[in-house]
Amino acid sequence: MTHWIEPITLRGMHAQLEPLAASHAPALAAAAHDGELWRLWYTSAPHPDQIDDYVANALRMRDETGALPFAVRRLSDDRIVGCTRYFNVETRHRRLEIGHTWYSASAQRSALNTECKLLLLGHAFETLNTIAVELRTHFMNQASRRAIERLGAKLDGILRQHQIAPDGSLRDTCVYSIVAAEWPAVRSNLRWKLEQPRAGARS
């Protein structure tokens, strides 16, 4: 099957996004341990014991729906520190979502996070000619909502009782988007953040 989004490695000064593979599983398990991310009930970070299934499901989504999952490598120490994904790909309408994103505690609120968004959005708008990129998060995940809003994304709405969480609670999902006409301003903002002292510390 030919997909609109083909595997690609995206590299910046702080981070490298490389197509996810089964071989990344041990490093992702270690990354999830950094901060015990699975304990945050409103995030999608897996328990280290579930990493193999998590990776297998991501690769299945890639093969069946045209998604593209990435492992995130921190270039300063060559460590895998998380993952992210293009998914909900609508080829005909040139739309996609960026999500399933989580980083080890040591990589959060850093230049790496800012640069990953710059790389992902840049490839989406400038190479894939995407019309719009969606970003979604749990209504209760205030840190994620603030980070998305600082990108320049606009809140499209809230899907109430949208999903059933693993603990049985009902998730309200905040849906944000960036459209192609907004990308130049968003790009300038992200580049400015990377140039500041302690780049990306607030993104």
# chains A, B, ... in the order shown; residues from 1 in each chain; ligands from 1
call {"tool": "residues_around", "arguments": {"residues": "A:Gly82", "least_positions_apart": "2", "cutoff": "9 Å", "atoms": "only C-alpha atoms", "output": "ChimeraX atom specification"}}
result
/A:27-28,31-32,45,70-73,80,84,101-104,107
call {"tool": "residues_around", "arguments": {"residues": "A:Ala181", "least_positions_apart": "3", "cutoff": "12 Å", "atoms": "only C-alpha atoms", "output": "list in words"}}
result
Phe125, Glu126, Asn129, Thr130, Ile131, Ala132, Val133, Gly152, Ala153, Ser177, Ile178, Pro184, Ala185, Val186 and Arg187 of chain A
call {"tool": "write_last_selection", "arguments": {"atoms": "C-alpha atoms", "output": "tab-separated table (two decimals), in the first residue's frame"}}
result
chain	number	residue	atom	x	y	z
A	125	PHE	CA	3.27	22.04	6.09
A	126	GLU	CA	6.33	22.45	3.87
A	129	ASN	CA	1.59	20.41	1.90
A	130	THR	CA	-0.81	19.78	4.76
A	131	ILE	CA	-3.87	22.03	5.03
A	132	ALA	CA	-4.28	21.63	8.78
A	133	VAL	CA	-2.61	19.85	11.68
A	152	GLY	CA	-0.14	29.24	18.44
A	153	ALA	CA	-2.73	26.50	17.94
A	177	SER	CA	-5.45	22.97	15.17
A	178	ILE	CA	-2.94	24.98	13.18
A	184	PRO	CA	4.65	31.08	9.04
A	185	ALA	CA	3.85	32.86	12.33
A	186	VAL	CA	3.98	29.61	14.31
A	187	ARG	CA	7.33	28.76	12.69
call {"tool": "select_by_dssp", "arguments": {"residues": "stretch 52-106 of chain A", "states": "strand (DSSP E or B)", "output": "list of chain:residue names"}}
result
A:Leu68, A:Pro69, A:Phe70, A:Ala71, A:Val72, A:Arg73, A:Arg74, A:Arg79, A:Ile80, A:Val81, A:Gly82, A:Cys83, A:Thr84, A:Arg85, A:Tyr86, A:Phe87, A:Asn88, A:Val89, A:Glu90, A:Arg95, A:Leu96, A:Glu97, A:Ile98, A:Gly99, A:His100, A:Thr101, A:Trp102, A:Tyr103
call {"tool": "write_last_selection", "arguments": {"atoms": "C-alpha atoms", "output": "compact mmCIF listing (two decimals), in the first residue's frame"}}
result
# COMPACT_ATOMS: atom_id res chain seq x y z
CA LEU A 68 4.02 7.46 11.07
CA PRO A 69 5.29 6.88 14.63
CA PHE A 70 8.68 8.26 15.65
CA ALA A 71 11.15 7.51 18.41
CA VAL A 72 12.70 10.72 19.77
CA ARG A 73 16.48 10.69 20.20
CA ARG A 74 18.22 13.36 22.28
CA ARG A 79 19.46 8.54 24.20
CA ILE A 80 15.89 7.71 23.19
CA VAL A 81 13.74 9.93 25.41
CA GLY A 82 10.22 9.44 24.09
CA CYS A 83 8.04 9.13 21.05
CA THR A 84 5.48 10.98 18.95
CA ARG A 85 3.34 10.25 15.93
CA TYR A 86 1.60 11.50 12.80
CA PHE A 87 -1.81 9.79 12.73
CA ASN A 88 -5.50 10.29 11.91
CA VAL A 89 -4.16 10.83 8.41
CA GLU A 90 -6.72 12.10 5.90
CA ARG A 95 -5.00 16.75 7.22
CA LEU A 96 -3.27 14.89 10.01
CA GLU A 97 -2.88 14.87 13.76
CA ILE A 98 0.28 15.01 15.86
CA GLY A 99 -0.07 13.09 19.09
CA HIS A 100 0.73 10.00 21.15
CA THR A 101 3.55 12.24 22.37
CA TRP A 102 5.43 11.67 25.61
CA TYR A 103 8.93 12.46 26.84
call {"tool": "residues_around", "arguments": {"residues": "A:Tyr54", "least_positions_apart": "5", "cutoff": "12 Å", "atoms": "only C-alpha atoms", "output": "list in words"}}
result
Leu20, Ala21, Ala22, His24, Ala25, Pro26, Leu28, Ala29, Ala32, Ser44, Ala45, Pro46, His47, Pro48, Asp49, Leu59, Arg60, Met61, Pro69, Cys83 and His100 of chain A
call {"tool": "select_by_dssp", "arguments": {"residues": "stretch 80-187 of chain A", "states": "helix (DSSP H, G or I)", "output": "PyMOL selection string"}}
result
chain A and resi 105-107+111-127+142-151+180-187
call {"tool": "write_last_selection", "arguments": {"atoms": "C-alpha atoms", "output": "PDB file, in the first residue's frame"}}
result
ATOM      1  CA  ALA A 105      11.003  13.678  32.697  1.00  0.00           C
ATOM      2  CA  SER A 106      14.534  14.855  31.908  1.00  0.00           C
ATOM      3  CA  ALA A 107      13.471  15.916  28.395  1.00  0.00           C
ATOM      4  CA  ALA A 111      14.661  22.791  23.713  1.00  0.00           C
ATOM      5  CA  LEU A 112      14.155  19.219  22.504  1.00  0.00           C
ATOM      6  CA  ASN A 113      10.385  19.500  22.874  1.00  0.00           C
ATOM      7  CA  THR A 114      10.293  22.819  21.026  1.00  0.00           C
ATOM      8  CA  GLU A 115      12.466  21.523  18.216  1.00  0.00           C
ATOM      9  CA  CYS A 116      10.427  18.351  17.792  1.00  0.00           C
ATOM     10  CA  LYS A 117       7.308  20.435  17.187  1.00  0.00           C
ATOM     11  CA  LEU A 118       9.223  22.604  14.719  1.00  0.00           C
ATOM     12  CA  LEU A 119      10.446  19.541  12.825  1.00  0.00           C
ATOM     13  CA  LEU A 120       7.050  17.820  12.757  1.00  0.00           C
ATOM     14  CA  LEU A 121       5.069  20.891  11.778  1.00  0.00           C
ATOM     15  CA  GLY A 122       7.673  21.969   9.237  1.00  0.00           C
ATOM     16  CA  HIS A 123       7.600  18.613   7.474  1.00  0.00           C
ATOM     17  CA  ALA A 124       3.799  18.570   7.550  1.00  0.00           C
ATOM     18  CA  PHE A 125       3.272  22.037   6.087  1.00  0.00           C
ATOM     19  CA  GLU A 126       6.333  22.451   3.875  1.00  0.00           C
ATOM     20  CA  THR A 127       6.859  18.940   2.480  1.00  0.00           C
ATOM     21  CA  GLN A 142      -3.377  21.577  31.867  1.00  0.00           C
ATOM     22  CA  ALA A 143       0.362  21.479  31.132  1.00  0.00           C
ATOM     23  CA  SER A 144      -0.259  19.966  27.695  1.00  0.00           C
ATOM     24  CA  ARG A 145      -3.023  22.456  26.928  1.00  0.00           C
ATOM     25  CA  ARG A 146      -0.790  25.403  27.812  1.00  0.00           C
ATOM     26  CA  ALA A 147       2.043  24.005  25.686  1.00  0.00           C
ATOM     27  CA  ILE A 148      -0.244  23.535  22.678  1.00  0.00           C
ATOM     28  CA  GLU A 149      -1.653  27.041  23.060  1.00  0.00           C
ATOM     29  CA  ARG A 150       1.871  28.498  23.263  1.00  0.00           C
ATOM     30  CA  LEU A 151       2.540  26.969  19.839  1.00  0.00           C
ATOM     31  CA  ALA A 180      -1.513  26.367   6.717  1.00  0.00           C
ATOM     32  CA  ALA A 181      -2.003  30.142   6.698  1.00  0.00           C
ATOM     33  CA  GLU A 182      -0.914  30.272  10.351  1.00  0.00           C
ATOM     34  CA  TRP A 183       2.235  28.208   9.883  1.00  0.00           C
ATOM     35  CA  PRO A 184       4.653  31.084   9.039  1.00  0.00           C
ATOM     36  CA  ALA A 185       3.845  32.865  12.327  1.00  0.00           C
ATOM     37  CA  VAL A 186       3.978  29.612  14.311  1.00  0.00           C
ATOM     38  CA  ARG A 187       7.332  28.762  12.693  1.00  0.00           C
TER      39      ARG A 187
END
call {"tool": "residues_around", "arguments": {"residues": "A:Val175", "least_positions_apart": "6", "cutoff": "6 Å", "atoms": "only C-alpha atoms", "output": "list of chain:residue names"}}
result
A:Arg136, A:Leu155, A:Asp156, A:Gly157, A:Ile158
call {"tool": "residues_around", "arguments": {"residues": "A:Leu170", "least_positions_apart": "4", "cutoff": "9 Å", "atoms": "only C-alpha atoms", "output": "PDB file with N, CA and C atoms, in the first residue's frame"}}
result
ATOM      1  N   ARG A 160     -16.856  16.138  24.460  1.00  0.00           N
ATOM      2  CA  ARG A 160     -17.183  15.728  25.816  1.00  0.00           C
ATOM      3  C   ARG A 160     -17.461  14.230  25.868  1.00  0.00           C
ATOM      4  N   GLN A 161     -16.938  13.583  26.935  1.00  0.00           N
ATOM      5  CA  GLN A 161     -17.042  12.131  27.108  1.00  0.00           C
ATOM      6  C   GLN A 161     -16.649  11.412  25.811  1.00  0.00           C
ATOM      7  N   HIS A 162     -15.510  11.822  25.317  1.00  0.00           N
ATOM      8  CA  HIS A 162     -15.033  11.379  24.012  1.00  0.00           C
ATOM      9  C   HIS A 162     -14.473   9.963  24.043  1.00  0.00           C
ATOM     10  N   GLN A 163     -13.801   9.597  25.140  1.00  0.00           N
ATOM     11  CA  GLN A 163     -13.156   8.292  25.221  1.00  0.00           C
ATOM     12  C   GLN A 163     -13.250   7.750  26.641  1.00  0.00           C
ATOM     13  N   ILE A 164     -13.111   6.423  26.742  1.00  0.00           N
ATOM     14  CA  ILE A 164     -13.045   5.771  28.043  1.00  0.00           C
ATOM     15  C   ILE A 164     -11.581   5.517  28.355  1.00  0.00           C
ATOM     16  N   ALA A 165     -11.098   6.099  29.437  1.00  0.00           N
ATOM     17  CA  ALA A 165      -9.697   5.961  29.830  1.00  0.00           C
ATOM     18  C   ALA A 165      -9.444   4.572  30.409  1.00  0.00           C
TER      19      ALA A 165
END
call {"tool": "closest_residue", "arguments": {"among": "A:Leu75, A:Ala30, A:Gln50, A:His138", "to": "A:Ala15", "atoms": "only C-alpha atoms"}}
result
A:Leu75
call {"tool": "decode", "arguments": {"residues": "stretch 82-179 of chain A", "atoms": "C-alpha atoms", "output": "tab-separated table (two decimals), in the first residue's frame"}}
result
chain	number	residue	atom	x	y	z
A	82	GLY	CA	10.22	9.44	24.09
A	83	CYS	CA	8.04	9.13	21.05
A	84	THR	CA	5.48	10.98	18.95
A	85	ARG	CA	3.34	10.25	15.93
A	86	TYR	CA	1.60	11.50	12.80
A	87	PHE	CA	-1.81	9.79	12.73
A	88	ASN	CA	-5.50	10.29	11.91
A	89	VAL	CA	-4.16	10.83	8.41
A	90	GLU	CA	-6.72	12.10	5.90
A	91	THR	CA	-4.89	11.89	2.58
A	92	ARG	CA	-7.70	13.29	0.44
A	93	HIS	CA	-8.10	16.37	2.63
A	94	ARG	CA	-4.39	16.69	3.48
A	95	ARG	CA	-5.00	16.75	7.22
A	96	LEU	CA	-3.27	14.89	10.01
A	97	GLU	CA	-2.88	14.87	13.76
A	98	ILE	CA	0.28	15.01	15.86
A	99	GLY	CA	-0.07	13.09	19.09
A	100	HIS	CA	0.73	10.00	21.15
A	101	THR	CA	3.55	12.24	22.37
A	102	TRP	CA	5.43	11.67	25.61
A	103	TYR	CA	8.93	12.46	26.84
A	104	SER	CA	10.99	11.25	29.77
A	105	ALA	CA	11.00	13.68	32.70
A	106	SER	CA	14.53	14.85	31.91
A	107	ALA	CA	13.47	15.92	28.40
A	108	GLN	CA	10.29	17.78	29.28
A	109	ARG	CA	10.07	21.58	29.03
A	110	SER	CA	13.33	21.66	27.07
A	111	ALA	CA	14.66	22.79	23.71
A	112	LEU	CA	14.16	19.22	22.50
A	113	ASN	CA	10.38	19.50	22.87
A	114	THR	CA	10.29	22.82	21.03
A	115	GLU	CA	12.47	21.52	18.22
A	116	CYS	CA	10.43	18.35	17.79
A	117	LYS	CA	7.31	20.44	17.19
A	118	LEU	CA	9.22	22.60	14.72
A	119	LEU	CA	10.45	19.54	12.83
A	120	LEU	CA	7.05	17.82	12.76
A	121	LEU	CA	5.07	20.89	11.78
A	122	GLY	CA	7.67	21.97	9.24
A	123	HIS	CA	7.60	18.61	7.47
A	124	ALA	CA	3.80	18.57	7.55
A	125	PHE	CA	3.27	22.04	6.09
A	126	GLU	CA	6.33	22.45	3.87
A	127	THR	CA	6.86	18.94	2.48
A	128	LEU	CA	3.49	17.21	2.78
A	129	ASN	CA	1.59	20.41	1.90
A	130	THR	CA	-0.81	19.78	4.76
A	131	ILE	CA	-3.87	22.03	5.03
A	132	ALA	CA	-4.28	21.63	8.78
A	133	VAL	CA	-2.61	19.85	11.68
A	134	GLU	CA	-4.61	18.81	14.73
A	135	LEU	CA	-3.33	18.42	18.27
A	136	ARG	CA	-5.52	16.89	20.97
A	137	THR	CA	-5.15	16.47	24.69
A	138	HIS	CA	-7.09	15.49	27.79
A	139	PHE	CA	-9.15	18.35	29.22
A	140	MET	CA	-7.47	17.75	32.60
A	141	ASN	CA	-3.92	17.90	31.21
A	142	GLN	CA	-3.38	21.58	31.87
A	143	ALA	CA	0.36	21.48	31.13
A	144	SER	CA	-0.26	19.97	27.69
A	145	ARG	CA	-3.02	22.46	26.93
A	146	ARG	CA	-0.79	25.40	27.81
A	147	ALA	CA	2.04	24.00	25.69
A	148	ILE	CA	-0.24	23.54	22.68
A	149	GLU	CA	-1.65	27.04	23.06
A	150	ARG	CA	1.87	28.50	23.26
A	151	LEU	CA	2.54	26.97	19.84
A	152	GLY	CA	-0.14	29.24	18.44
A	153	ALA	CA	-2.73	26.50	17.94
A	154	LYS	CA	-6.40	27.49	18.21
A	155	LEU	CA	-8.98	25.58	20.23
A	156	ASP	CA	-11.55	24.14	17.81
A	157	GLY	CA	-13.71	22.67	20.56
A	158	ILE	CA	-14.06	20.09	23.31
A	159	LEU	CA	-15.34	16.58	22.62
A	160	ARG	CA	-17.18	15.73	25.82
A	161	GLN	CA	-17.04	12.13	27.11
A	162	HIS	CA	-15.03	11.38	24.01
A	163	GLN	CA	-13.16	8.29	25.22
A	164	ILE	CA	-13.04	5.77	28.04
A	165	ALA	CA	-9.70	5.96	29.83
A	166	PRO	CA	-7.84	2.84	31.01
A	167	ASP	CA	-9.02	3.52	34.57
A	168	GLY	CA	-12.64	3.66	33.40
A	169	SER	CA	-13.04	7.43	33.66
A	170	LEU	CA	-14.53	9.37	30.77
A	171	ARG	CA	-12.17	11.67	28.89
A	172	ASP	CA	-13.13	15.09	27.58
A	173	THR	CA	-10.79	15.84	24.66
A	174	CYS	CA	-9.63	19.35	23.71
A	175	VAL	CA	-9.16	19.63	19.95
A	176	TYR	CA	-6.70	22.26	18.68
A	177	SER	CA	-5.45	22.97	15.17
A	178	ILE	CA	-2.94	24.98	13.18
A	179	VAL	CA	-3.90	25.76	9.58
